Amino acid sequence: MKSQISLFDIGVIAIAIVIFAVISIFLLENLHIFTKTVVVKVIYDTNEAYRFLTSLLSLNYTSYTVYEMISSIDYIDDQSFVSFLNSSIYYYFKKPPSCYKLSLGSKVLVEFNNESYSGDCKNTRFNAVVPIFVPYNKAGLVKELYLNYER
Amino acid sequence: MKGIFVGTVLLIAILTLIISGVFFVVLSSEYINLKVSLKASEVLKAADIVEAVKRGLEVAYNYSFFQAAYEVGKLGGYNNESDVKEWRRYDATYFPTSYIENIRIKTENFIEEYLKALEEDKNEFKFSKPSVNFILPTGEGREIKINVSFDSPFRYSGQFFTIYDNPNRTLYISRDFEYFKLYDIAYNLFIDKDSVREDIEKAEKELDDNCKVIYLGDVCEKDKKDIDKVLENNCPSADEKFKEKVIQEIEKPISEDDVNINLYVDKIEVKHEGREIYESFQESSDCRCKIIDWLQVDNGTTTCDEYCTSNNYEYSNFENSQCFCGNCKEYYKKYYNLRYKYSYFSAVRVIANITTKSQYLAYDATEGNVKLRNFTLTFNLTTSNDYSWKPI
């Protein structure tokens, strides 16, 4: 019976397996690294706006923090603070963004739209929302601060 | 040839199995990775929200303190309208010694309101009951320390994780914060001394001289005029004049240190009391005769009057066909250097508003809005320049 696998066949299979295994290890490793990078980038992107917003709130403006200024912005008209806020957001980006919008509740504090951007900068890829304590009143003590931007 | 064919088929089958196996393992592993990553992302996002809230806690505590200070000031240092008392009722004083405790209680309530609002807005947050303590400066200390503490850390409950963090904070309020000066100045002006009483006394001093002393010279007792009528002739509507002076003096705005003091007269009562002053009071022949010593005489054919005059009598009287002559036995007395002196009294109920010159953000329930406001210490007091007279 010549139906048994010949020595040649075994040799071919063995060499193929070895070559495949070597290539696979490298391929898989690369694929793994690639997907890991993608995932890390996704995590980074989904949290970037939050990190940005939190650090923005910690900035100091004159003798106040940006948090204090934003929380009382309905009652204190300070145009230079709005300019400060605008430049702080704009220069955060390495290159000019497509758009950004910072709003407290329904009130837009600062807004920027690149000429090429046609949207309203609302449902952006980068977005964050945090609660802000506002001066004591009977209407509500906490408002939402929204940051939306598109790179 | 057949062997090579079988071998190739086997090789393809084995490779297919290995490739599918590898892909299955790789894909499922990446799927797990992705899920883990998304969960990690949730945790990171929550950490940033918690960070923003932590940053805001001190701001909320500050707002609570300032609102409490504003409201307690409006109630004259008291917590509720039902507790409000006049700071002075003539010689009795009622300084709200517990005003710092009242601010503390209100601050605690407002902080609780803030945290409840956050919990309602973001259900993930849970705070325990806050406790506020004021540590007043001692000796050279210039800062009031406000400790806000909780029994336990606040909690942020995510879907599969919980973040705990410390909500305790210490606020530092400078003793130079004008608000506390309101109480210090008010204490000095209206409790330690009675500056409104001093204003009334000053108003009396500033009244025209002819309303205070009226010189009448030497006056026979029979000619002496009513003390109030003399006042009315020399100084018409004296009480009204005094009332105007008192109001003017009390309502004169004062600016002291870093505060403005405004008093408003809510109710006023005035009166005057007159008294006579003279050097001596004695019988004088310049005045009319008070008692005549009559003597019945026979005037014959002459008239009674002629008879009495020719016989050196001062007075004659013909009555019932009989003639009487007489001399003065006692003259009316005379006041020498008579003066009428008037004292004025006023009792007032005053509304005191002592305000900071600087403005702070506060909500006013009456106006229903938030804006930069001068903080005001408002209270009532009743006093007079004679504590025994209490018409109000």
# chains A, B, ... in the order shown; residues from 1 in each chain; ligands from 1
call {"tool": "select_by_dssp", "arguments": {"residues": "range 17-205 of chain B", "states": "helix (DSSP H, G or I)", "output": "mmCIF file with N, CA and C atoms, in the first residue's frame"}}
result
data_model
loop_
_atom_site.group_PDB
_atom_site.id
_atom_site.type_symbol
_atom_site.label_atom_id
_atom_site.label_comp_id
_atom_site.auth_asym_id
_atom_site.auth_seq_id
_atom_site.Cartn_x
_atom_site.Cartn_y
_atom_site.Cartn_z
ATOM 1 N N LEU B 17 -7.166 25.213 9.502
ATOM 2 C CA LEU B 17 -7.523 25.068 10.918
ATOM 3 C C LEU B 17 -6.705 26.010 11.796
ATOM 4 N N ILE B 18 -5.378 25.993 11.478
ATOM 5 C CA ILE B 18 -4.485 26.833 12.305
ATOM 6 C C ILE B 18 -4.860 28.306 12.135
ATOM 7 N N ILE B 19 -5.064 28.726 10.843
ATOM 8 C CA ILE B 19 -5.380 30.146 10.590
ATOM 9 C C ILE B 19 -6.685 30.544 11.276
ATOM 10 N N SER B 20 -7.738 29.679 11.108
ATOM 11 C CA SER B 20 -9.019 30.033 11.738
ATOM 12 C C SER B 20 -8.879 30.070 13.247
ATOM 13 N N GLY B 21 -8.119 29.102 13.777
ATOM 14 C CA GLY B 21 -7.903 29.081 15.236
ATOM 15 C C GLY B 21 -7.224 30.339 15.703
ATOM 16 N N VAL B 22 -6.150 30.697 14.949
ATOM 17 C CA VAL B 22 -5.399 31.893 15.329
ATOM 18 C C VAL B 22 -6.310 33.123 15.267
ATOM 19 N N PHE B 23 -7.071 33.227 14.173
ATOM 20 C CA PHE B 23 -7.955 34.383 14.034
ATOM 21 C C PHE B 23 -9.014 34.435 15.120
ATOM 22 N N PHE B 24 -9.543 33.239 15.455
ATOM 23 C CA PHE B 24 -10.554 33.183 16.512
ATOM 24 C C PHE B 24 -9.970 33.690 17.845
ATOM 25 N N VAL B 25 -8.787 33.162 18.141
ATOM 26 C CA VAL B 25 -8.146 33.549 19.406
ATOM 27 C C VAL B 25 -7.842 35.050 19.394
ATOM 28 N N VAL B 26 -7.246 35.498 18.245
ATOM 29 C CA VAL B 26 -6.858 36.914 18.160
ATOM 30 C C VAL B 26 -8.086 37.823 18.258
ATOM 31 N N LEU B 27 -9.127 37.504 17.479
ATOM 32 C CA LEU B 27 -10.305 38.375 17.462
ATOM 33 C C LEU B 27 -11.003 38.424 18.812
ATOM 34 N N SER B 28 -11.161 37.213 19.424
ATOM 35 C CA SER B 28 -11.839 37.221 20.716
ATOM 36 C C SER B 28 -11.012 37.962 21.758
ATOM 37 N N SER B 29 -9.697 37.811 21.631
ATOM 38 C CA SER B 29 -8.837 38.519 22.579
ATOM 39 C C SER B 29 -8.958 40.023 22.372
ATOM 40 N N GLU B 30 -9.027 40.436 21.095
ATOM 41 C CA GLU B 30 -9.157 41.876 20.825
ATOM 42 C C GLU B 30 -10.514 42.415 21.279
ATOM 43 N N TYR B 31 -11.541 41.557 21.139
ATOM 44 C CA TYR B 31 -12.865 41.954 21.591
ATOM 45 C C TYR B 31 -12.855 42.196 23.103
ATOM 46 N N ILE B 32 -12.196 41.266 23.804
ATOM 47 C CA ILE B 32 -12.082 41.408 25.263
ATOM 48 C C ILE B 32 -11.296 42.679 25.582
ATOM 49 N N ASN B 33 -10.218 42.868 24.808
ATOM 50 C CA ASN B 33 -9.400 44.079 25.009
ATOM 51 C C ASN B 33 -10.233 45.343 24.845
ATOM 52 N N LEU B 34 -11.057 45.309 23.773
ATOM 53 C CA LEU B 34 -11.878 46.476 23.485
ATOM 54 C C LEU B 34 -12.843 46.753 24.636
ATOM 55 N N LYS B 35 -13.449 45.642 25.149
ATOM 56 C CA LYS B 35 -14.398 45.790 26.255
ATOM 57 C C LYS B 35 -13.694 46.336 27.499
ATOM 58 N N VAL B 36 -12.517 45.791 27.752
ATOM 59 C CA VAL B 36 -11.751 46.257 28.912
ATOM 60 C C VAL B 36 -11.416 47.751 28.736
ATOM 61 N N SER B 37 -11.047 48.075 27.500
ATOM 62 C CA SER B 37 -10.668 49.463 27.223
ATOM 63 C C SER B 37 -11.842 50.413 27.423
ATOM 64 N N LEU B 38 -13.008 49.978 26.941
ATOM 65 C CA LEU B 38 -14.179 50.838 27.110
ATOM 66 C C LEU B 38 -14.494 51.042 28.584
ATOM 67 N N LYS B 39 -14.326 49.976 29.365
ATOM 68 C CA LYS B 39 -14.570 50.089 30.805
ATOM 69 C C LYS B 39 -13.527 51.009 31.439
ATOM 70 N N ALA B 40 -12.281 50.860 30.964
ATOM 71 C CA ALA B 40 -11.220 51.736 31.473
ATOM 72 C C ALA B 40 -11.564 53.184 31.146
ATOM 73 N N SER B 41 -12.109 53.368 29.948
ATOM 74 C CA SER B 41 -12.482 54.713 29.523
ATOM 75 C C SER B 41 -13.556 55.300 30.439
ATOM 76 N N GLU B 42 -14.535 54.425 30.805
ATOM 77 C CA GLU B 42 -15.597 54.862 31.724
ATOM 78 C C GLU B 42 -15.013 55.323 33.058
ATOM 79 N N VAL B 43 -14.043 54.549 33.555
ATOM 80 C CA VAL B 43 -13.428 54.878 34.843
ATOM 81 C C VAL B 43 -12.705 56.228 34.739
ATOM 82 N N LEU B 44 -11.967 56.387 33.620
ATOM 83 C CA LEU B 44 -11.225 57.629 33.450
ATOM 84 C C LEU B 44 -12.168 58.828 33.347
ATOM 85 N N LYS B 45 -13.259 58.631 32.620
ATOM 86 C CA LYS B 45 -14.248 59.697 32.453
ATOM 87 C C LYS B 45 -14.843 60.074 33.828
ATOM 88 N N ALA B 46 -15.172 59.030 34.602
ATOM 89 C CA ALA B 46 -15.736 59.259 35.934
ATOM 90 C C ALA B 46 -14.733 59.993 36.813
ATOM 91 N N ALA B 47 -13.459 59.623 36.686
ATOM 92 C CA ALA B 47 -12.425 60.273 37.499
ATOM 93 C C ALA B 47 -12.359 61.763 37.176
ATOM 94 N N ASP B 48 -12.542 62.092 35.907
ATOM 95 C CA ASP B 48 -12.511 63.512 35.523
ATOM 96 C C ASP B 48 -13.737 64.256 36.044
ATOM 97 N N ILE B 49 -14.891 63.596 36.010
ATOM 98 C CA ILE B 49 -16.107 64.236 36.551
ATOM 99 C C ILE B 49 -15.935 64.465 38.052
ATOM 100 N N VAL B 50 -15.410 63.434 38.735
ATOM 101 C CA VAL B 50 -15.173 63.560 40.181
ATOM 102 C C VAL B 50 -14.192 64.699 40.447
ATOM 103 N N GLU B 51 -13.183 64.794 39.602
ATOM 104 C CA GLU B 51 -12.177 65.853 39.752
ATOM 105 C C GLU B 51 -12.836 67.242 39.634
ATOM 106 N N ALA B 52 -13.727 67.367 38.645
ATOM 107 C CA ALA B 52 -14.409 68.654 38.438
ATOM 108 C C ALA B 52 -15.290 68.975 39.647
ATOM 109 N N VAL B 53 -15.968 67.967 40.170
ATOM 110 C CA VAL B 53 -16.833 68.183 41.341
ATOM 111 C C VAL B 53 -15.991 68.570 42.556
ATOM 112 N N LYS B 54 -14.856 67.880 42.710
ATOM 113 C CA LYS B 54 -13.972 68.194 43.848
ATOM 114 C C LYS B 54 -13.514 69.645 43.781
ATOM 115 N N ARG B 55 -13.209 70.067 42.555
ATOM 116 C CA ARG B 55 -12.775 71.449 42.354
ATOM 117 C C ARG B 55 -13.898 72.417 42.733
ATOM 118 N N GLY B 56 -15.135 71.978 42.504
ATOM 119 C CA GLY B 56 -16.279 72.854 42.744
ATOM 120 C C GLY B 56 -16.747 72.879 44.189
ATOM 121 N N LEU B 57 -16.351 71.872 44.980
ATOM 122 C CA LEU B 57 -16.867 71.794 46.354
ATOM 123 C C LEU B 57 -16.558 73.057 47.149
ATOM 124 N N GLU B 58 -15.308 73.505 47.057
ATOM 125 C CA GLU B 58 -14.915 74.690 47.811
ATOM 126 C C GLU B 58 -15.719 75.914 47.360
ATOM 127 N N VAL B 59 -15.986 75.950 46.051
ATOM 128 C CA VAL B 59 -16.772 77.064 45.496
ATOM 129 C C VAL B 59 -18.189 77.023 46.080
ATOM 130 N N ALA B 60 -18.775 75.827 46.102
ATOM 131 C CA ALA B 60 -20.137 75.683 46.645
ATOM 132 C C ALA B 60 -20.165 76.026 48.131
ATOM 133 N N TYR B 61 -19.135 75.627 48.875
ATOM 134 C CA TYR B 61 -19.083 75.930 50.313
ATOM 135 C C TYR B 61 -18.997 77.447 50.510
ATOM 136 N N ASN B 62 -18.196 78.079 49.635
ATOM 137 C CA ASN B 62 -18.058 79.533 49.705
ATOM 138 C C ASN B 62 -19.373 80.240 49.428
ATOM 139 N N TYR B 63 -20.051 79.801 48.367
ATOM 140 C CA TYR B 63 -21.352 80.389 48.032
ATOM 141 C C TYR B 63 -22.303 80.227 49.219
ATOM 142 N N SER B 64 -22.267 79.070 49.838
ATOM 143 C CA SER B 64 -23.164 78.789 50.967
ATOM 144 C C SER B 64 -22.881 79.746 52.114
ATOM 145 N N PHE B 65 -21.608 79.949 52.401
ATOM 146 C CA PHE B 65 -21.248 80.842 53.507
ATOM 147 C C PHE B 65 -21.726 82.275 53.221
ATOM 148 N N PHE B 66 -21.446 82.745 51.997
ATOM 149 C CA PHE B 66 -21.814 84.125 51.672
ATOM 150 C C PHE B 66 -23.336 84.305 51.681
ATOM 151 N N GLN B 67 -24.064 83.306 51.178
ATOM 152 C CA GLN B 67 -25.523 83.403 51.175
ATOM 153 C C GLN B 67 -26.049 83.420 52.612
ATOM 154 N N ALA B 68 -25.446 82.569 53.450
ATOM 155 C CA ALA B 68 -25.870 82.511 54.856
ATOM 156 C C ALA B 68 -25.597 83.851 55.529
ATOM 157 N N ALA B 69 -24.421 84.399 55.268
ATOM 158 C CA ALA B 69 -24.065 85.684 55.883
ATOM 159 C C ALA B 69 -25.047 86.767 55.425
ATOM 160 N N TYR B 70 -25.395 86.741 54.141
ATOM 161 C CA TYR B 70 -26.324 87.752 53.592
ATOM 162 C C TYR B 70 -27.688 87.652 54.282
ATOM 163 N N GLU B 71 -28.200 86.415 54.384
ATOM 164 C CA GLU B 71 -29.553 86.230 54.932
ATOM 165 C C GLU B 71 -29.601 86.540 56.431
ATOM 166 N N VAL B 72 -28.574 86.113 57.151
ATOM 167 C CA VAL B 72 -28.554 86.376 58.602
ATOM 168 C C VAL B 72 -28.434 87.883 58.834
ATOM 169 N N GLY B 73 -27.644 88.548 58.009
ATOM 170 C CA GLY B 73 -27.493 90.009 58.121
ATOM 171 C C GLY B 73 -28.812 90.715 57.910
ATOM 172 N N LYS B 74 -29.579 90.244 56.932
ATOM 173 C CA LYS B 74 -30.877 90.876 56.645
ATOM 174 C C LYS B 74 -31.860 90.717 57.800
ATOM 175 N N GLU B 81 -37.318 84.841 60.811
ATOM 176 C CA GLU B 81 -38.061 86.070 61.100
ATOM 177 C C GLU B 81 -38.744 86.018 62.462
ATOM 178 N N SER B 82 -39.167 84.805 62.851
ATOM 179 C CA SER B 82 -39.883 84.681 64.130
ATOM 180 C C SER B 82 -38.953 84.945 65.326
ATOM 181 N N ASP B 83 -37.649 84.809 65.115
ATOM 182 C CA ASP B 83 -36.697 85.025 66.226
ATOM 183 C C ASP B 83 -36.258 86.480 66.350
ATOM 184 N N TYR B 99 -25.004 85.315 66.458
ATOM 185 C CA TYR B 99 -25.067 85.529 65.007
ATOM 186 C C TYR B 99 -24.087 84.638 64.238
ATOM 187 N N ILE B 100 -22.923 84.367 64.826
ATOM 188 C CA ILE B 100 -21.960 83.502 64.113
ATOM 189 C C ILE B 100 -22.505 82.074 64.059
ATOM 190 N N GLU B 101 -23.116 81.652 65.160
ATOM 191 C CA GLU B 101 -23.718 80.313 65.185
ATOM 192 C C GLU B 101 -24.859 80.236 64.164
ATOM 193 N N ASN B 102 -25.631 81.332 64.049
ATOM 194 C CA ASN B 102 -26.724 81.356 63.074
ATOM 195 C C ASN B 102 -26.195 81.263 61.638
ATOM 196 N N ILE B 103 -25.086 81.953 61.382
ATOM 197 C CA ILE B 103 -24.478 81.867 60.035
ATOM 198 C C ILE B 103 -23.984 80.437 59.805
ATOM 199 N N ARG B 104 -23.427 79.852 60.855
ATOM 200 C CA ARG B 104 -22.907 78.487 60.733
ATOM 201 C C ARG B 104 -24.025 77.510 60.358
ATOM 202 N N ILE B 105 -25.153 77.639 61.057
ATOM 203 C CA ILE B 105 -26.281 76.724 60.806
ATOM 204 C C ILE B 105 -26.784 76.897 59.374
ATOM 205 N N LYS B 106 -26.924 78.155 58.960
ATOM 206 C CA LYS B 106 -27.423 78.412 57.603
ATOM 207 C C LYS B 106 -26.435 77.901 56.555
ATOM 208 N N THR B 107 -25.139 78.102 56.804
ATOM 209 C CA THR B 107 -24.114 77.631 55.855
ATOM 210 C C THR B 107 -24.256 76.116 55.682
ATOM 211 N N GLU B 108 -24.434 75.444 56.814
ATOM 212 C CA GLU B 108 -24.573 73.978 56.797
ATOM 213 C C GLU B 108 -25.781 73.568 55.946
ATOM 214 N N ASN B 109 -26.900 74.290 56.140
ATOM 215 C CA ASN B 109 -28.115 73.972 55.381
ATOM 216 C C ASN B 109 -27.914 74.191 53.883
ATOM 217 N N PHE B 110 -27.251 75.301 53.543
ATOM 218 C CA PHE B 110 -27.049 75.599 52.119
ATOM 219 C C PHE B 110 -26.109 74.581 51.471
ATOM 220 N N ILE B 111 -25.074 74.175 52.204
ATOM 221 C CA ILE B 111 -24.149 73.173 51.649
ATOM 222 C C ILE B 111 -24.927 71.887 51.368
ATOM 223 N N GLU B 112 -25.802 71.539 52.303
ATOM 224 C CA GLU B 112 -26.610 70.335 52.131
ATOM 225 C C GLU B 112 -27.484 70.453 50.877
ATOM 226 N N GLU B 113 -28.050 71.651 50.679
ATOM 227 C CA GLU B 113 -28.881 71.892 49.482
ATOM 228 C C GLU B 113 -28.060 71.714 48.206
ATOM 229 N N TYR B 114 -26.833 72.258 48.219
ATOM 230 C CA TYR B 114 -25.954 72.131 47.047
ATOM 231 C C TYR B 114 -25.678 70.655 46.726
ATOM 232 N N LEU B 115 -25.360 69.895 47.772
ATOM 233 C CA LEU B 115 -24.990 68.505 47.539
ATOM 234 C C LEU B 115 -26.198 67.676 47.103
ATOM 235 N N LYS B 116 -27.373 68.014 47.648
ATOM 236 C CA LYS B 116 -28.600 67.320 47.227
ATOM 237 C C LYS B 116 -28.879 67.608 45.756
ATOM 238 N N ALA B 117 -28.656 68.879 45.369
ATOM 239 C CA ALA B 117 -28.878 69.264 43.963
ATOM 240 C C ALA B 117 -27.944 68.484 43.057
ATOM 241 N N LEU B 118 -26.714 68.277 43.505
ATOM 242 C CA LEU B 118 -25.747 67.508 42.697
ATOM 243 C C LEU B 118 -26.186 66.051 42.601
ATOM 244 N N GLU B 119 -26.636 65.514 43.740
ATOM 245 C CA GLU B 119 -27.073 64.110 43.748
ATOM 246 C C GLU B 119 -28.278 63.905 42.816
ATOM 247 N N GLU B 120 -29.149 64.929 42.770
ATOM 248 C CA GLU B 120 -30.311 64.813 41.873
ATOM 249 C C GLU B 120 -29.886 64.936 40.413
ATOM 250 N N ASP B 121 -28.887 65.794 40.175
ATOM 251 C CA ASP B 121 -28.415 66.012 38.810
ATOM 252 C C ASP B 121 -27.599 64.817 38.321
ATOM 253 N N GLU B 178 -15.492 92.806 55.421
ATOM 254 C CA GLU B 178 -16.305 93.906 55.955
ATOM 255 C C GLU B 178 -17.548 93.440 56.714
ATOM 256 N N TYR B 179 -18.058 92.287 56.321
ATOM 257 C CA TYR B 179 -19.321 91.820 56.906
ATOM 258 C C TYR B 179 -19.248 91.776 58.435
ATOM 259 N N PHE B 180 -18.138 91.284 58.983
ATOM 260 C CA PHE B 180 -18.029 91.174 60.433
ATOM 261 C C PHE B 180 -17.906 92.546 61.090
ATOM 262 N N LYS B 181 -17.403 93.505 60.298
ATOM 263 C CA LYS B 181 -17.309 94.866 60.833
ATOM 264 C C LYS B 181 -18.703 95.440 61.073
ATOM 265 N N LEU B 182 -19.666 95.000 60.274
ATOM 266 C CA LEU B 182 -21.037 95.505 60.443
ATOM 267 C C LEU B 182 -21.492 95.271 61.878
ATOM 268 N N TYR B 183 -21.235 94.057 62.368
ATOM 269 C CA TYR B 183 -21.666 93.698 63.717
ATOM 270 C C TYR B 183 -20.856 94.475 64.760
ATOM 271 N N ASP B 184 -19.543 94.570 64.528
ATOM 272 C CA ASP B 184 -18.680 95.258 65.499
ATOM 273 C C ASP B 184 -19.095 96.721 65.621
ATOM 274 N N ILE B 185 -19.294 97.356 64.453
ATOM 275 C CA ILE B 185 -19.644 98.778 64.469
ATOM 276 C C ILE B 185 -21.042 98.975 65.064
ATOM 277 N N ALA B 186 -21.977 98.113 64.660
ATOM 278 C CA ALA B 186 -23.344 98.224 65.186
ATOM 279 C C ALA B 186 -23.354 98.035 66.701
ATOM 280 N N TYR B 187 -22.529 97.114 67.190
ATOM 281 C CA TYR B 187 -22.459 96.882 68.635
ATOM 282 C C TYR B 187 -21.987 98.147 69.343
ATOM 283 N N ASN B 188 -20.920 98.735 68.788
ATOM 284 C CA ASN B 188 -20.367 99.944 69.421
ATOM 285 C C ASN B 188 -21.369 101.099 69.419
ATOM 286 N N LEU B 189 -22.081 101.231 68.306
ATOM 287 C CA LEU B 189 -22.973 102.392 68.159
ATOM 288 C C LEU B 189 -24.302 102.248 68.890
ATOM 289 N N PHE B 190 -24.837 101.042 68.886
ATOM 290 C CA PHE B 190 -26.223 100.914 69.368
ATOM 291 C C PHE B 190 -26.391 100.057 70.634
ATOM 292 N N ILE B 191 -25.336 99.339 71.012
ATOM 293 C CA ILE B 191 -25.439 98.520 72.219
ATOM 294 C C ILE B 191 -24.540 99.111 73.301
ATOM 295 N N ASP B 192 -23.272 99.257 72.957
ATOM 296 C CA ASP B 192 -22.307 99.786 73.913
ATOM 297 C C ASP B 192 -22.709 101.197 74.329
ATOM 298 N N SER B 195 -26.314 105.679 70.288
ATOM 299 C CA SER B 195 -26.027 106.828 69.418
ATOM 300 C C SER B 195 -27.305 107.526 68.956
ATOM 301 N N VAL B 196 -28.419 106.804 68.928
ATOM 302 C CA VAL B 196 -29.683 107.446 68.525
ATOM 303 C C VAL B 196 -30.123 108.424 69.620
ATOM 304 N N ARG B 197 -29.941 108.010 70.851
ATOM 305 C CA ARG B 197 -30.259 108.906 71.980
ATOM 306 C C ARG B 197 -29.375 110.160 71.889
ATOM 307 N N GLU B 198 -28.116 109.916 71.541
ATOM 308 C CA GLU B 198 -27.197 111.060 71.389
ATOM 309 C C GLU B 198 -27.667 111.994 70.260
ATOM 310 N N ASP B 199 -28.198 111.388 69.199
ATOM 311 C CA ASP B 199 -28.721 112.204 68.089
ATOM 312 C C ASP B 199 -29.899 113.058 68.554
ATOM 313 N N ILE B 200 -30.762 112.456 69.375
ATOM 314 C CA ILE B 200 -31.924 113.212 69.880
ATOM 315 C C ILE B 200 -31.434 114.375 70.750
ATOM 316 N N GLU B 201 -30.435 114.065 71.579
ATOM 317 C CA GLU B 201 -29.894 115.120 72.454
ATOM 318 C C GLU B 201 -29.256 116.239 71.624
ATOM 319 N N LYS B 202 -28.599 115.813 70.541
ATOM 320 C CA LYS B 202 -27.956 116.797 69.664
ATOM 321 C C LYS B 202 -29.029 117.663 68.982
ATOM 322 N N ALA B 203 -30.124 116.997 68.562
ATOM 323 C CA ALA B 203 -31.215 117.731 67.906
ATOM 324 C C ALA B 203 -31.784 118.765 68.868
ATOM 325 N N GLU B 204 -31.880 118.418 70.134
ATOM 326 C CA GLU B 204 -32.413 119.362 71.118
ATOM 327 C C GLU B 204 -31.474 120.560 71.278
ATOM 328 N N LYS B 205 -30.174 120.236 71.298
ATOM 329 C CA LYS B 205 -29.188 121.315 71.440
ATOM 330 C C LYS B 205 -29.249 122.267 70.256
#
call {"tool": "interface_residues", "arguments": {"of": "chain A", "to": "chain B", "cutoff": "9 Å", "atoms": "only C-alpha atoms", "output": "PyMOL selection string"}}
result
chain A and resi 2-6+8-10+12-13+16-17+20+24+28+31-32+35-36+39-40+42-44+46-47+50-51+53-55+57-58+67-68+71-72+75-76+128-138+140-144
call {"tool": "write_last_selection", "arguments": {"atoms": "C-alpha atoms", "output": "mmCIF file, in the first residue's frame"}}
result
data_model
loop_
_atom_site.group_PDB
_atom_site.id
_atom_site.type_symbol
_atom_site.label_atom_id
_atom_site.label_comp_id
_atom_site.auth_asym_id
_atom_site.auth_seq_id
_atom_site.Cartn_x
_atom_site.Cartn_y
_atom_site.Cartn_z
ATOM 1 C CA LYS A 2 1.396 3.257 -1.102
ATOM 2 C CA SER A 3 -1.425 5.278 0.574
ATOM 3 C CA GLN A 4 0.794 6.188 3.522
ATOM 4 C CA ILE A 5 2.257 9.713 3.591
ATOM 5 C CA SER A 6 5.627 9.783 2.035
ATOM 6 C CA PHE A 8 8.669 13.982 1.250
ATOM 7 C CA ASP A 9 5.148 15.008 2.234
ATOM 8 C CA ILE A 10 6.026 15.023 5.905
ATOM 9 C CA VAL A 12 6.968 19.638 3.148
ATOM 10 C CA ILE A 13 4.307 19.869 5.881
ATOM 11 C CA ALA A 16 5.364 24.781 5.927
ATOM 12 C CA ILE A 17 4.295 24.638 9.574
ATOM 13 C CA PHE A 20 3.839 29.571 9.010
ATOM 14 C CA SER A 24 2.280 34.010 12.348
ATOM 15 C CA LEU A 28 0.119 38.269 15.324
ATOM 16 C CA LEU A 31 -1.546 42.810 14.705
ATOM 17 C CA HIS A 32 -1.738 42.802 18.502
ATOM 18 C CA THR A 35 -4.991 46.819 17.720
ATOM 19 C CA LYS A 36 -3.645 47.787 21.140
ATOM 20 C CA VAL A 39 -7.658 50.821 21.514
ATOM 21 C CA VAL A 40 -5.375 53.095 23.505
ATOM 22 C CA VAL A 42 -9.849 55.250 21.397
ATOM 23 C CA ILE A 43 -9.512 55.494 25.182
ATOM 24 C CA TYR A 44 -7.390 58.599 24.809
ATOM 25 C CA THR A 46 -12.941 59.428 24.461
ATOM 26 C CA ASN A 47 -11.354 60.977 27.554
ATOM 27 C CA TYR A 50 -12.823 65.416 29.851
ATOM 28 C CA ARG A 51 -9.167 65.879 30.677
ATOM 29 C CA LEU A 53 -12.246 70.424 30.466
ATOM 30 C CA THR A 54 -10.995 69.504 33.949
ATOM 31 C CA SER A 55 -7.641 71.167 33.383
ATOM 32 C CA LEU A 57 -11.392 74.589 35.119
ATOM 33 C CA SER A 58 -8.193 74.530 37.170
ATOM 34 C CA TYR A 67 -14.236 77.360 37.691
ATOM 35 C CA GLU A 68 -15.304 80.290 39.883
ATOM 36 C CA SER A 71 -19.896 79.437 37.636
ATOM 37 C CA SER A 72 -20.708 83.122 38.183
ATOM 38 C CA TYR A 75 -23.889 87.598 36.984
ATOM 39 C CA ILE A 76 -20.483 89.110 36.259
ATOM 40 C CA ALA A 128 -17.371 66.282 27.749
ATOM 41 C CA VAL A 129 -19.913 67.392 30.297
ATOM 42 C CA VAL A 130 -19.348 68.072 33.982
ATOM 43 C CA PRO A 131 -21.605 69.501 36.710
ATOM 44 C CA ILE A 132 -20.812 73.030 37.918
ATOM 45 C CA PHE A 133 -22.006 74.604 41.170
ATOM 46 C CA VAL A 134 -23.510 78.036 40.519
ATOM 47 C CA PRO A 135 -24.194 80.889 42.983
ATOM 48 C CA TYR A 136 -27.052 80.179 45.394
ATOM 49 C CA ASN A 137 -30.493 80.768 43.888
ATOM 50 C CA LYS A 138 -33.885 79.106 43.831
ATOM 51 C CA GLY A 140 -31.004 75.463 40.456
ATOM 52 C CA LEU A 141 -27.693 75.072 42.188
ATOM 53 C CA VAL A 142 -25.998 72.854 39.613
ATOM 54 C CA LYS A 143 -25.597 73.450 35.890
ATOM 55 C CA GLU A 144 -23.978 71.347 33.177
#
call {"tool": "closest_residue", "arguments": {"among": "A:Glu115, A:Glu150, A:Glu29, A:Asp77", "to": "Glu48 in chain A", "atoms": "only C-alpha atoms"}}
result
A:Glu150
call {"tool": "closest_residue", "arguments": {"among": "A:Lys94, A:Leu145, A:Thr124, A:Ala49", "to": "Val110 in chain A", "atoms": "only C-alpha atoms"}}
result
A:Leu145
call {"tool": "atom_distance", "arguments": {"atom1": "CA of Ala92 in chain B", "atom2": "CA of Ala347 in chain B"}}
result
14.3 Å
call {"tool": "atom_distance", "arguments": {"atom1": "CA of Leu171 in chain B", "atom2": "CA of Glu124 in chain B"}}
result
26.2 Å
call {"tool": "atom_distance", "arguments": {"atom1": "CA of Thr93 in chain B", "atom2": "CA of Phe345 in chain B"}}
result
20.4 Å
call {"tool": "select_by_dssp", "arguments": {"residues": "range 108-205 of chain B", "states": "strand (DSSP E or B)", "output": "ChimeraX atom specification"}}
result
/B:125-126,130-135,143-150,154-157,162-165,169-174
call {"tool": "closest_residue", "arguments": {"among": "A:Ser80, A:Ser87, A:Asn114, A:Asn127", "to": "Cys99 in chain A", "atoms": "only C-alpha atoms"}}
result
A:Asn114
call {"tool": "closest_residue", "arguments": {"among": "A:Phe52, A:Arg151, A:Arg125, A:Asp74", "to": "Ser106 in chain A", "atoms": "only C-alpha atoms"}}
result
A:Asp74
